[in-house]
>>> print(open('final20.txt').read())   # compact mmCIF, C-alpha atoms and all ligand atoms
# COMPACT_ATOMS: atom_id res chain seq x y z
CA MET A 18 -54.34 45.40 162.82
CA GLU A 19 -57.36 45.60 160.50
CA TYR A 20 -59.09 48.96 161.01
CA PHE A 21 -62.10 48.51 158.72
CA SER A 22 -63.00 44.94 159.60
CA ASN A 23 -66.67 45.45 158.62
CA VAL A 24 -65.72 46.01 155.01
CA LYS A 25 -64.07 43.68 152.51
CA ARG A 26 -62.57 44.70 149.18
CA ILE A 27 -65.05 46.67 147.05
CA ASN A 28 -65.67 44.93 143.72
CA TYR A 29 -67.61 45.69 140.56
CA GLU A 30 -71.02 43.98 140.58
CA GLY A 31 -72.82 45.88 137.80
CA ALA A 32 -75.73 48.31 137.61
CA LYS A 33 -78.32 45.89 139.00
CA SER A 34 -76.42 45.18 142.21
CA THR A 35 -78.14 46.24 145.43
CA ASN A 36 -75.00 45.71 147.52
CA PRO A 37 -74.10 49.15 148.93
CA LEU A 38 -70.49 48.04 149.26
CA ALA A 39 -69.98 47.29 145.55
CA PHE A 40 -69.26 49.31 142.43
CA LYS A 41 -72.25 49.56 140.08
CA PHE A 42 -70.45 51.34 137.21
CA TYR A 43 -66.72 51.45 138.01
CA ASN A 44 -65.24 48.37 136.41
CA PRO A 45 -61.50 49.07 136.75
CA ASP A 46 -60.19 46.82 133.96
CA GLU A 47 -62.88 47.50 131.38
CA VAL A 48 -61.44 49.12 128.26
CA ILE A 49 -62.98 52.33 126.94
CA MET A 50 -61.43 54.15 123.97
CA GLY A 51 -58.29 52.02 124.20
CA LYS A 52 -57.57 52.50 127.92
CA THR A 53 -58.84 50.81 131.04
CA MET A 54 -61.21 52.72 133.29
CA LYS A 55 -58.61 52.87 136.02
CA GLU A 56 -56.07 54.39 133.61
CA HIS A 57 -58.56 57.01 132.47
CA LEU A 58 -59.73 57.92 135.95
CA LYS A 59 -56.63 57.55 138.18
CA PHE A 60 -58.63 57.97 141.39
CA SER A 61 -56.85 59.37 144.39
CA MET A 62 -57.72 59.61 148.08
CA ALA A 63 -57.21 62.96 149.84
CA TYR A 64 -55.35 62.23 153.05
CA TRP A 65 -56.77 65.29 154.81
CA HIS A 66 -60.52 64.90 154.32
CA THR A 67 -60.55 61.13 154.61
CA PHE A 68 -58.07 60.65 157.44
CA THR A 69 -57.78 63.83 159.49
CA TYR A 70 -61.21 65.46 159.21
CA LEU A 71 -63.47 64.74 162.18
CA GLY A 72 -66.63 66.57 161.16
CA GLY A 73 -65.96 70.00 162.70
CA ASP A 74 -67.50 73.16 161.25
CA GLN A 75 -67.73 76.85 162.22
CA PHE A 76 -70.34 76.02 164.84
CA GLY A 77 -68.99 72.90 166.46
CA GLY A 78 -66.00 70.64 166.96
CA ALA A 79 -65.54 66.98 166.09
CA SER A 80 -68.66 64.91 165.45
CA LYS A 81 -66.80 61.62 165.05
CA SER A 82 -63.59 59.90 166.02
CA HIS A 83 -61.15 57.54 164.36
CA HIS A 84 -60.31 54.51 166.40
CA TRP A 85 -56.62 54.70 165.41
CA ASP A 86 -56.31 58.17 166.96
CA SER A 87 -54.72 58.57 170.42
CA ASP A 88 -53.22 61.36 172.55
CA ASN A 89 -49.76 60.59 171.19
CA LYS A 90 -49.54 62.55 167.93
CA MET A 91 -46.72 60.55 166.37
CA ALA A 92 -48.35 57.23 167.27
CA THR A 93 -51.59 58.50 165.70
CA ALA A 94 -49.74 59.57 162.53
CA LYS A 95 -48.18 56.10 162.21
CA GLU A 96 -51.45 54.21 162.69
CA ARG A 97 -53.12 56.59 160.27
CA VAL A 98 -50.76 55.39 157.55
CA TYR A 99 -51.82 51.77 158.07
CA ALA A 100 -55.51 52.70 158.20
CA ALA A 101 -55.18 54.82 155.03
CA PHE A 102 -53.47 52.08 153.05
CA GLU A 103 -56.00 49.48 154.22
CA PHE A 104 -58.76 51.85 153.10
CA MET A 105 -57.21 52.50 149.67
CA GLU A 106 -56.53 48.80 149.09
CA LYS A 107 -60.14 47.91 149.93
CA MET A 108 -61.44 50.76 147.74
CA GLN A 109 -59.13 49.84 144.82
CA ILE A 110 -57.85 53.44 144.88
CA GLU A 111 -54.33 53.49 143.50
CA TYR A 112 -53.21 57.03 144.42
CA PHE A 113 -53.20 59.43 147.34
CA CYS A 114 -52.56 63.15 147.83
CA PHE A 115 -51.32 64.80 151.00
CA HIS A 116 -50.29 68.03 152.74
CA ASP A 117 -47.22 67.81 154.95
CA VAL A 118 -49.34 68.43 158.07
CA ASP A 119 -51.77 65.62 157.19
CA ILE A 120 -49.16 62.93 157.50
CA ALA A 121 -47.04 64.12 160.46
CA PRO A 122 -47.64 66.52 163.36
CA ARG A 123 -45.94 69.91 163.50
CA GLY A 124 -43.03 69.91 165.96
CA GLU A 125 -41.87 72.70 168.30
CA ASN A 126 -39.80 74.09 165.43
CA LEU A 127 -39.09 73.50 161.73
CA ALA A 128 -36.29 71.00 162.43
CA GLU A 129 -38.56 68.87 164.63
CA THR A 130 -41.40 69.05 162.09
CA ASN A 131 -39.01 67.85 159.37
CA LYS A 132 -37.83 64.99 161.59
CA ASN A 133 -41.44 63.91 162.20
CA LEU A 134 -42.06 64.00 158.44
CA ASP A 135 -39.02 61.83 157.70
CA GLU A 136 -40.16 59.22 160.18
CA ILE A 137 -43.66 58.97 158.70
CA VAL A 138 -42.47 59.16 155.09
CA ALA A 139 -40.40 56.02 155.70
CA ILE A 140 -43.54 54.17 156.84
CA ILE A 141 -45.57 55.46 153.90
CA LYS A 142 -42.83 54.32 151.53
CA SER A 143 -42.91 50.81 152.91
CA GLU A 144 -46.72 50.68 152.63
CA MET A 145 -46.43 51.95 149.05
CA SER A 146 -44.08 49.16 148.13
CA ARG A 147 -46.25 46.56 149.92
CA THR A 148 -49.42 47.64 148.08
CA GLY A 149 -48.26 49.27 144.82
CA ILE A 150 -50.27 52.39 145.74
CA LYS A 151 -48.70 55.62 144.38
CA CYS A 152 -48.55 59.29 145.27
CA LEU A 153 -50.48 61.55 142.87
CA TRP A 154 -49.31 64.78 144.50
CA GLY A 155 -47.95 66.36 147.61
CA THR A 156 -48.35 69.91 148.87
CA THR A 157 -47.66 72.04 151.89
CA ASN A 158 -50.08 73.62 154.30
CA ALA A 159 -48.89 77.25 154.37
CA PHE A 160 -52.23 78.65 155.49
CA GLY A 161 -53.38 77.07 158.77
CA ASP A 162 -50.76 78.33 161.20
CA ALA A 163 -51.03 81.81 162.78
CA LYS A 164 -47.77 82.95 161.16
CA PHE A 165 -49.62 83.01 157.81
CA VAL A 166 -52.13 85.59 159.04
CA HIS A 167 -51.02 88.10 156.36
CA GLY A 168 -50.29 85.48 153.69
CA ALA A 169 -47.46 83.04 153.05
CA SER A 170 -45.33 84.07 150.05
CA THR A 171 -47.51 87.19 149.79
CA SER A 172 -47.01 88.17 153.42
CA CYS A 173 -45.83 91.68 154.27
CA ASN A 174 -43.37 89.90 156.60
CA SER A 175 -40.32 88.66 154.66
CA THR A 176 -39.43 86.15 157.41
CA VAL A 177 -42.77 84.45 156.72
CA PHE A 178 -41.79 84.28 153.03
CA ALA A 179 -38.57 82.52 154.07
CA TYR A 180 -40.45 80.08 156.32
CA THR A 181 -42.92 79.33 153.50
CA ALA A 182 -40.05 78.59 151.12
CA ALA A 183 -38.46 76.27 153.70
CA GLN A 184 -41.73 74.42 154.17
CA ILE A 185 -42.26 74.04 150.41
CA LYS A 186 -38.67 72.87 149.93
CA LYS A 187 -39.24 70.08 152.44
CA ALA A 188 -42.65 69.16 150.98
CA MET A 189 -41.08 68.96 147.50
CA ASP A 190 -38.29 66.77 148.91
CA ILE A 191 -40.72 64.30 150.45
CA THR A 192 -43.02 64.34 147.40
CA LYS A 193 -40.00 63.38 145.30
CA GLU A 194 -38.99 60.75 147.85
CA LEU A 195 -42.48 59.22 147.54
CA GLY A 196 -42.34 59.25 143.73
CA GLY A 197 -45.11 61.89 143.57
CA GLU A 198 -46.32 62.49 140.02
CA ASN A 199 -47.14 66.17 140.68
CA TYR A 200 -46.67 68.90 143.26
CA VAL A 201 -49.55 71.31 144.01
CA PHE A 202 -49.59 74.99 144.99
CA TRP A 203 -52.87 76.14 146.41
CA GLY A 204 -52.49 79.67 147.72
CA GLY A 205 -54.49 79.26 150.90
CA ARG A 206 -53.73 82.71 152.34
CA GLU A 207 -52.44 84.26 149.13
CA GLY A 208 -55.07 86.98 148.82
CA TYR A 209 -56.36 89.97 150.73
CA GLU A 210 -59.27 91.41 152.67
CA THR A 211 -58.94 95.13 151.92
CA LEU A 212 -56.86 97.34 149.66
CA LEU A 213 -56.63 99.86 152.50
CA ASN A 214 -53.72 97.84 153.90
CA THR A 215 -52.47 95.85 150.89
CA ASP A 216 -49.80 96.36 148.23
CA THR A 217 -51.13 93.95 145.61
CA GLU A 218 -48.33 94.66 143.14
CA ALA A 219 -45.62 93.71 145.63
CA GLU A 220 -47.57 90.65 146.80
CA LEU A 221 -48.07 89.29 143.29
CA ASN A 222 -44.39 89.87 142.49
CA HIS A 223 -43.42 87.93 145.61
CA LEU A 224 -45.75 85.07 144.70
CA ALA A 225 -44.08 84.86 141.28
CA ILE A 226 -40.60 84.94 142.87
CA LEU A 227 -41.54 82.02 145.11
CA LEU A 228 -42.88 80.00 142.18
CA LYS A 229 -39.71 80.71 140.18
CA MET A 230 -37.65 79.45 143.11
CA ALA A 231 -39.77 76.29 143.19
CA VAL A 232 -39.08 75.73 139.47
CA ASP A 233 -35.33 76.14 140.08
CA TYR A 234 -35.45 73.78 143.05
CA LYS A 235 -37.41 71.20 141.08
CA LYS A 236 -34.64 71.20 138.47
CA LYS A 237 -31.93 71.09 141.09
CA ILE A 238 -33.28 67.98 142.84
CA GLY A 239 -34.37 66.31 139.59
CA PHE A 240 -38.05 66.13 140.54
CA LYS A 241 -39.82 64.80 137.45
CA GLY A 242 -43.41 65.54 138.46
CA THR A 243 -45.58 68.37 137.14
CA LEU A 244 -45.95 71.59 139.14
CA LEU A 245 -49.61 72.53 139.46
CA ILE A 246 -51.44 75.65 140.60
CA GLU A 247 -54.95 75.25 142.00
CA PRO A 248 -57.27 78.24 141.48
CA LYS A 249 -59.88 79.30 144.02
CA PRO A 250 -61.68 82.66 144.00
CA LYS A 251 -62.33 83.19 147.70
CA GLU A 252 -62.08 81.49 151.09
CA PRO A 253 -60.16 81.86 153.25
CA THR A 254 -59.47 85.40 152.01
CA LYS A 255 -62.15 87.57 150.44
CA HIS A 256 -60.14 87.89 147.23
CA GLN A 257 -57.72 85.05 146.44
CA TYR A 258 -55.07 85.95 143.86
CA ASP A 259 -55.46 82.64 141.98
CA PHE A 260 -59.13 83.45 141.31
CA ASP A 261 -59.88 81.06 138.43
CA ALA A 262 -58.19 79.30 135.52
CA ALA A 263 -58.12 82.38 133.26
CA THR A 264 -56.61 84.53 136.02
CA VAL A 265 -53.92 81.96 136.81
CA ILE A 266 -53.04 81.48 133.14
CA GLY A 267 -52.70 85.27 132.72
CA PHE A 268 -50.54 85.49 135.85
CA LEU A 269 -48.24 82.67 134.70
CA ARG A 270 -47.83 84.33 131.29
CA LYS A 271 -47.06 87.73 132.82
CA TYR A 272 -44.19 86.23 134.80
CA GLY A 273 -42.95 83.86 132.05
CA LEU A 274 -43.92 80.75 134.05
CA GLU A 275 -46.44 79.29 131.59
CA ASN A 276 -44.21 76.42 130.52
CA ASP A 277 -43.38 75.40 134.07
CA PHE A 278 -46.88 74.97 135.50
CA LYS A 279 -50.20 73.38 134.73
CA LEU A 280 -53.43 73.72 136.67
CA ASN A 281 -55.24 71.56 139.19
CA ILE A 282 -58.95 72.25 138.73
CA GLU A 283 -61.34 71.70 141.62
CA ALA A 284 -65.06 71.48 140.84
CA ASN A 285 -66.17 73.29 144.00
CA HIS A 286 -63.75 76.16 143.33
CA ALA A 287 -65.28 76.54 139.87
CA THR A 288 -68.71 76.88 141.51
CA LEU A 289 -67.36 79.52 143.90
CA ALA A 290 -66.01 81.45 140.89
CA GLN A 291 -69.48 81.21 139.32
CA HIS A 292 -68.16 79.05 136.52
CA THR A 293 -69.12 75.54 135.61
CA PHE A 294 -66.58 72.79 136.28
CA GLN A 295 -66.53 72.16 132.52
CA HIS A 296 -65.71 75.82 131.82
CA GLU A 297 -62.62 75.71 134.04
CA LEU A 298 -61.42 72.44 132.47
CA ASN A 299 -62.06 73.85 129.01
CA MET A 300 -60.06 77.04 129.68
CA CYS A 301 -57.10 74.90 130.77
CA ARG A 302 -57.47 72.49 127.87
CA ILE A 303 -57.51 75.11 125.11
CA ASN A 304 -54.40 76.67 126.67
CA GLY A 305 -52.57 73.32 126.99
CA MET A 306 -52.52 73.64 130.78
CA LEU A 307 -54.90 71.00 132.12
CA GLY A 308 -52.88 69.13 134.75
CA SER A 309 -55.09 67.40 137.30
CA VAL A 310 -58.52 67.48 138.93
CA ASP A 311 -59.88 67.75 142.46
CA ALA A 312 -63.03 65.71 142.03
CA ASN A 313 -65.75 67.02 144.32
CA ILE A 314 -68.90 69.08 144.12
CA GLY A 315 -70.15 72.25 145.78
CA ASP A 316 -73.67 73.28 146.68
CA SER A 317 -75.18 75.84 144.33
CA MET A 318 -77.21 77.33 147.19
CA LEU A 319 -74.27 77.86 149.54
CA GLY A 320 -71.52 80.38 148.97
CA TRP A 321 -68.73 78.38 150.55
CA ASP A 322 -66.49 75.40 149.85
CA THR A 323 -68.55 72.37 150.94
CA ASP A 324 -66.21 69.78 149.34
CA GLN A 325 -68.87 67.12 148.85
CA PHE A 326 -68.41 63.83 147.05
CA PRO A 327 -69.25 64.16 143.33
CA THR A 328 -72.64 62.57 142.61
CA ASN A 329 -73.91 64.72 139.77
CA ILE A 330 -73.80 62.75 136.52
CA TYR A 331 -74.07 65.87 134.34
CA ASP A 332 -70.95 67.36 135.94
CA THR A 333 -68.91 64.19 135.66
CA THR A 334 -70.01 63.54 132.06
CA LEU A 335 -69.06 67.03 130.93
CA ALA A 336 -65.82 66.94 132.94
CA MET A 337 -64.82 63.64 131.34
CA TYR A 338 -65.82 65.08 127.97
CA GLU A 339 -63.15 67.78 128.40
CA ILE A 340 -60.61 65.36 129.88
CA LEU A 341 -60.98 62.89 126.99
CA GLN A 342 -60.62 65.71 124.48
CA ASN A 343 -57.46 66.70 126.32
CA GLY A 344 -56.08 63.21 125.66
CA GLY A 345 -56.32 62.45 129.40
CA LEU A 346 -54.65 64.15 132.32
CA GLY A 347 -51.05 62.97 131.78
CA SER A 348 -49.42 62.84 135.18
CA GLY A 349 -52.64 64.10 136.80
CA GLY A 350 -55.62 62.19 138.11
CA LEU A 351 -58.96 62.54 139.89
CA ASN A 352 -58.35 63.35 143.53
CA PHE A 353 -61.36 63.15 145.84
CA ASP A 354 -60.85 66.45 147.63
CA ALA A 355 -64.14 65.70 149.35
CA LYS A 356 -65.35 65.03 152.85
CA VAL A 357 -68.33 63.15 154.20
CA ARG A 358 -70.93 65.37 155.89
CA ARG A 359 -70.77 66.23 159.59
CA GLY A 360 -73.70 63.89 160.20
CA SER A 361 -72.05 60.92 158.43
CA ILE A 362 -70.39 59.67 161.56
CA ASP A 363 -69.59 56.02 160.83
CA GLU A 364 -66.33 54.92 159.27
CA ASP A 365 -68.33 52.92 156.70
CA ASP A 366 -69.56 56.27 155.36
CA LEU A 367 -66.08 56.83 153.92
CA PHE A 368 -66.62 53.78 151.72
CA TYR A 369 -70.12 54.74 150.59
CA ALA A 370 -68.86 58.22 149.72
CA HIS A 371 -65.95 57.03 147.60
CA ILE A 372 -68.08 54.38 145.88
CA ALA A 373 -70.61 57.07 144.92
CA GLY A 374 -67.87 59.33 143.55
CA MET A 375 -66.10 56.58 141.61
CA ASP A 376 -69.33 55.24 140.12
CA THR A 377 -70.47 58.71 139.07
CA PHE A 378 -67.17 59.40 137.29
CA ALA A 379 -67.16 55.93 135.71
CA TRP A 380 -70.61 56.51 134.23
CA GLY A 381 -69.59 59.99 133.13
CA LEU A 382 -66.55 58.51 131.37
CA ARG A 383 -68.70 56.00 129.54
CA VAL A 384 -71.19 58.65 128.37
CA ALA A 385 -68.47 61.12 127.38
CA ALA A 386 -66.67 58.47 125.31
CA LYS A 387 -69.89 57.67 123.45
CA LEU A 388 -70.62 61.36 122.81
CA LEU A 389 -67.16 61.72 121.31
CA GLU A 390 -67.32 58.50 119.29
CA ASP A 391 -70.66 59.54 117.81
CA LYS A 392 -69.32 63.10 117.31
CA VAL A 393 -72.67 64.38 118.60
CA PHE A 394 -71.57 67.88 119.57
CA ILE A 395 -68.43 67.94 117.43
CA ASP A 396 -70.40 67.64 114.19
CA PHE A 397 -72.90 70.24 115.40
CA ILE A 398 -70.16 72.70 116.35
CA ASP A 399 -68.40 72.10 113.02
CA SER A 400 -71.50 73.01 111.09
CA LYS A 401 -72.25 75.98 113.37
CA TYR A 402 -68.87 77.52 112.47
CA GLU A 403 -68.87 76.52 108.80
CA SER A 404 -68.88 80.14 107.54
CA TRP A 405 -65.27 80.31 108.76
CA LYS A 406 -64.34 77.87 105.99
CA SER A 407 -65.45 80.37 103.32
CA ASP A 408 -62.93 82.69 101.60
CA LEU A 409 -64.01 85.48 103.92
CA GLY A 410 -63.44 83.39 107.07
CA ILE A 411 -60.09 82.10 105.84
CA ASN A 412 -58.89 85.62 104.96
CA ILE A 413 -59.86 86.94 108.41
CA GLU A 414 -58.08 84.11 110.21
CA ASN A 415 -54.96 84.43 108.02
CA GLY A 416 -54.80 88.17 108.47
CA THR A 417 -55.04 88.77 104.70
CA ILE A 418 -57.95 91.17 104.95
CA ASP A 419 -58.13 94.43 106.92
CA PHE A 420 -60.85 96.82 108.12
CA GLU A 421 -61.14 98.45 104.69
CA GLY A 422 -61.49 95.09 102.94
CA LEU A 423 -64.12 94.04 105.47
CA GLU A 424 -66.02 97.25 104.97
CA ARG A 425 -66.03 96.61 101.19
CA TYR A 426 -67.28 93.07 101.83
CA ALA A 427 -70.06 94.25 104.16
CA LEU A 428 -71.17 96.98 101.74
CA GLU A 429 -71.37 94.53 98.85
CA ASN A 430 -72.75 91.43 100.58
CA GLY A 431 -74.49 92.37 103.81
CA VAL A 432 -74.97 89.58 106.36
CA THR A 433 -76.28 86.07 105.72
CA PRO A 434 -79.08 84.89 108.07
CA ASN A 435 -78.06 83.26 111.38
CA LYS A 436 -78.93 79.64 112.15
CA SER A 437 -80.41 78.31 115.39
CA GLY A 438 -77.99 77.41 118.21
CA ARG A 439 -80.32 74.48 119.09
CA GLN A 440 -79.38 74.49 122.79
CA GLU A 441 -82.54 72.68 123.94
CA LEU A 442 -82.17 69.98 121.32
CA LEU A 443 -78.54 69.41 122.32
CA GLU A 444 -79.47 69.27 126.01
CA SER A 445 -82.09 66.67 125.28
CA ILE A 446 -79.61 64.60 123.26
CA LEU A 447 -77.21 64.83 126.21
CA ASN A 448 -79.96 63.48 128.49
CA GLN A 449 -80.62 60.67 126.07
CA TYR A 450 -76.95 59.64 126.12
CA ILE A 451 -76.84 59.81 129.92
CA TYR A 452 -79.98 57.68 130.32
CA ASN A 453 -79.39 55.14 127.56
CA ASN A 454 -75.72 54.36 127.73
C1 LIG B 1 -58.84 74.07 149.71
C2 LIG B 1 -58.07 73.36 148.71
C3 LIG B 1 -56.97 72.48 149.25
C4 LIG B 1 -55.99 72.14 148.17
C5 LIG B 1 -54.68 71.63 148.66
O1 LIG B 1 -59.89 74.63 149.44
O2 LIG B 1 -58.98 72.62 147.95
O3 LIG B 1 -57.48 71.35 149.86
O4 LIG B 1 -56.51 71.23 147.25
O5 LIG B 1 -54.07 72.50 149.52
CA CA B 2 -58.55 71.23 146.27
CA CA B 3 -62.10 72.86 148.20
>>> encode(input="final20.txt", output="structure tokens", more="lines below")
Ligand code: XLS
Ligand code: CA
Ligand code: CA
Amino acid sequence: MEYFSNVKRINYEGAKSTNPLAFKFYNPDEVIMGKTMKEHLKFSMAYWHTFTYLGGDQFGGASKSHHWDSDNKMATAKERVYAAFEFMEKMQIEYFCFHDVDIAPRGENLAETNKNLDEIVAIIKSEMSRTGIKCLWGTTNAFGDAKFVHGASTSCNSTVFAYTAAQIKKAMDITKELGGENYVFWGGREGYETLLNTDTEAELNHLAILLKMAVDYKKKIGFKGTLLIEPKPKEPTKHQYDFDAATVIGFLRKYGLENDFKLNIEANHATLAQHTFQHELNMCRINGMLGSVDANIGDSMLGWDTDQFPTNIYDTTLAMYEILQNGGLGSGGLNFDAKVRRGSIDEDDLFYAHIAGMDTFAWGLRVAAKLLEDKVFIDFIDSKYESWKSDLGINIENGTIDFEGLERYALENGVTPNKSGRQELLESILNQYIYNN
């Protein structure tokens, strides 16, 4: 059965096209800096927002329906697979990401849930081999169910820790089975509301123990993908432990896990942490820990996770600027962890949303590549830091001068005048590259 019969395959038609169901900038096979656009961008569909979200918010339930949904949960899960693969094929999206609960319904108990998963995984596998579509990452939902009220691996209840581990074990098994290129840990309930009832030291130790077990299990089953941690500062808890990239990197180093994990950076989570998206990517890049990206956008006027489709060319340009400097994302990709608005109630809206996101990243890629080729900011930054190439700078960096030597230097030479940081000029050059590319 064809679920999106109104829409044919989305193709590249160029910037002048007025066809809303065509790419204006995403030209999958076009080569930029030695790689095709689709290799650079590795777009992925998020199973949850695109195929299970029905428009609900804190003030109201579903605002739309999917015509493959029925009262029979397993039948719905099966039809959802066919609808999802039809959608990805038509969108030319080559990857998907999923939580266990997105693909199969929870059963009465863990054994029944696992059986449901196995049944649906077999169907997904056959659709993957029919279409060539791949799994970017899998994860588990250890936050939605009531048992996670006090956390999952950070729960005060050790039986909840055990259940969390069992759920992750199964999600890692099926991610491996589907050839997933990564496995993600987002600590949905791993945080706290008040220190009046929380032992943060014990909770953080338990989180680290769980992650260490996941590393051991990965080795045991021969899972070749990358393990990723996704930071988020708040929501659902007031204070999430994996606050931002710097916090996660410090945590991994404290527990000796820094070589076993990379990070999955979500744009909206950067906004919630009051960082730019580029800042979070940069922190990962300079620490060799940039793994993958959840490509969305937040709303600067709202304090919560709106998960909108990315349509801001400045954000995507500067994100791709970091990603290119990182030499790409390796096993990672750009996952649209984004949902259409509550008022976007037609199924066609899913196509418009993904087209907008893919085109915005494609243009960002093009601009970022040109900025790097022309060394616009690189040359400026080099000259800004040129005093570090003097004998003084070299001695400081090599550790061959101490406080007394520096005092002698300062007494004899004083300070040379500073030069302008030229921020406004650089911002206007950035605009010029965005407009004229
Ligand atoms: C929620 C997170 C979540 C993770 C996967 O805010 O973005 O969707 O990406 O569990
Ligand atoms: Ca995310
Ligand atoms: Ca989010």
>>> residues_near_ligand(input="final20.txt", ligand="ligand LIG 1 (chain B)", cutoff="10 Å", atoms="only C-alpha atoms and all ligand atoms", output="ChimeraX atom specification")
/A:63-66,114-117,154-160,201-205,246-253,281-286,310-313,321-324,352-355
>>> residues_near_point(input="final20.txt", point="(-60.1, 79.5, 134.0)", cutoff="9 Å", atoms="all atoms listed in the file", output="ChimeraX atom specification")
/A:248,260-266,282,287,292,296-301
>>> closest_residue(input="final20.txt", among="A:Arg439, A:Lys41, A:Arg383, A:Arg97", to="Glu144 (chain A)", atoms="all atoms listed in the file")
A:Arg97
>>> closest_residue(input="final20.txt", among="A:Gln325, A:Ser170, A:Asn28, A:Gln342", to="ligand CA 2 (chain B)", atoms="all atoms listed in the file")
A:Gln325
>>> residues_around(input="final20.txt", residues="region 356-368 of chain A", least_positions_apart="4", cutoff="9 Å", atoms="all atoms listed in the file", output="count of residues only")
29
>>> atom_distance(input="final20.txt", atom1="CA of Asn343 (chain A)", atom2="CA of Phe294 (chain A)")
14.8 Å
>>> atom_distance(input="final20.txt", atom1="CA of Ser445 (chain A)", atom2="CA of Leu289 (chain A)")
27.0 Å
>>> axis_aligned_box(input="final20.txt", around="region 196-208 of chain A", padding_each_side="6 Å", output="AutoDock Vina command-line options")
--center_x -48.7 --center_y 73.1 --center_z 146.2 --size_x 24.7 --size_y 39.7 --size_z 24.3
>>> residues_around(input="final20.txt", residues="Ala169 (chain A)", least_positions_apart="3", cutoff="12 Å", atoms="all atoms listed in the file", output="PyMOL selection string")
chain A and resi 157-166+172-185+202-209+220-221+223-224+227
>>> write_last_selection(input="final20.txt", atoms="C-alpha atoms", output="mmCIF file, in the frame of the given file")
data_model
loop_
_atom_site.group_PDB
_atom_site.id
_atom_site.type_symbol
_atom_site.label_atom_id
_atom_site.label_comp_id
_atom_site.auth_asym_id
_atom_site.auth_seq_id
_atom_site.Cartn_x
_atom_site.Cartn_y
_atom_site.Cartn_z
ATOM 1 C CA THR A 157 -47.660 72.040 151.890
ATOM 2 C CA ASN A 158 -50.080 73.620 154.300
ATOM 3 C CA ALA A 159 -48.890 77.250 154.370
ATOM 4 C CA PHE A 160 -52.230 78.650 155.490
ATOM 5 C CA GLY A 161 -53.380 77.070 158.770
ATOM 6 C CA ASP A 162 -50.760 78.330 161.200
ATOM 7 C CA ALA A 163 -51.030 81.810 162.780
ATOM 8 C CA LYS A 164 -47.770 82.950 161.160
ATOM 9 C CA PHE A 165 -49.620 83.010 157.810
ATOM 10 C CA VAL A 166 -52.130 85.590 159.040
ATOM 11 C CA SER A 172 -47.010 88.170 153.420
ATOM 12 C CA CYS A 173 -45.830 91.680 154.270
ATOM 13 C CA ASN A 174 -43.370 89.900 156.600
ATOM 14 C CA SER A 175 -40.320 88.660 154.660
ATOM 15 C CA THR A 176 -39.430 86.150 157.410
ATOM 16 C CA VAL A 177 -42.770 84.450 156.720
ATOM 17 C CA PHE A 178 -41.790 84.280 153.030
ATOM 18 C CA ALA A 179 -38.570 82.520 154.070
ATOM 19 C CA TYR A 180 -40.450 80.080 156.320
ATOM 20 C CA THR A 181 -42.920 79.330 153.500
ATOM 21 C CA ALA A 182 -40.050 78.590 151.120
ATOM 22 C CA ALA A 183 -38.460 76.270 153.700
ATOM 23 C CA GLN A 184 -41.730 74.420 154.170
ATOM 24 C CA ILE A 185 -42.260 74.040 150.410
ATOM 25 C CA PHE A 202 -49.590 74.990 144.990
ATOM 26 C CA TRP A 203 -52.870 76.140 146.410
ATOM 27 C CA GLY A 204 -52.490 79.670 147.720
ATOM 28 C CA GLY A 205 -54.490 79.260 150.900
ATOM 29 C CA ARG A 206 -53.730 82.710 152.340
ATOM 30 C CA GLU A 207 -52.440 84.260 149.130
ATOM 31 C CA GLY A 208 -55.070 86.980 148.820
ATOM 32 C CA TYR A 209 -56.360 89.970 150.730
ATOM 33 C CA GLU A 220 -47.570 90.650 146.800
ATOM 34 C CA LEU A 221 -48.070 89.290 143.290
ATOM 35 C CA HIS A 223 -43.420 87.930 145.610
ATOM 36 C CA LEU A 224 -45.750 85.070 144.700
ATOM 37 C CA LEU A 227 -41.540 82.020 145.110
#
>>> residues_around(input="final20.txt", residues="Ser404 (chain A)", least_positions_apart="3", cutoff="12 Å", atoms="only C-alpha atoms", output="ChimeraX atom specification")
/A:398-401,407-414,432-436
>>> write_last_selection(input="final20.txt", atoms="C-alpha atoms", output="PDB file, in the coordinates of the input")
ATOM      1  CA  ILE A 398     -70.160  72.700 116.350  1.00  0.00           C
ATOM      2  CA  ASP A 399     -68.400  72.100 113.020  1.00  0.00           C
ATOM      3  CA  SER A 400     -71.500  73.010 111.090  1.00  0.00           C
ATOM      4  CA  LYS A 401     -72.250  75.980 113.370  1.00  0.00           C
ATOM      5  CA  SER A 407     -65.450  80.370 103.320  1.00  0.00           C
ATOM      6  CA  ASP A 408     -62.930  82.690 101.600  1.00  0.00           C
ATOM      7  CA  LEU A 409     -64.010  85.480 103.920  1.00  0.00           C
ATOM      8  CA  GLY A 410     -63.440  83.390 107.070  1.00  0.00           C
ATOM      9  CA  ILE A 411     -60.090  82.100 105.840  1.00  0.00           C
ATOM     10  CA  ASN A 412     -58.890  85.620 104.960  1.00  0.00           C
ATOM     11  CA  ILE A 413     -59.860  86.940 108.410  1.00  0.00           C
ATOM     12  CA  GLU A 414     -58.080  84.110 110.210  1.00  0.00           C
ATOM     13  CA  VAL A 432     -74.970  89.580 106.360  1.00  0.00           C
ATOM     14  CA  THR A 433     -76.280  86.070 105.720  1.00  0.00           C
ATOM     15  CA  PRO A 434     -79.080  84.890 108.070  1.00  0.00           C
ATOM     16  CA  ASN A 435     -78.060  83.260 111.380  1.00  0.00           C
ATOM     17  CA  LYS A 436     -78.930  79.640 112.150  1.00  0.00           C
TER      18      LYS A 436
END
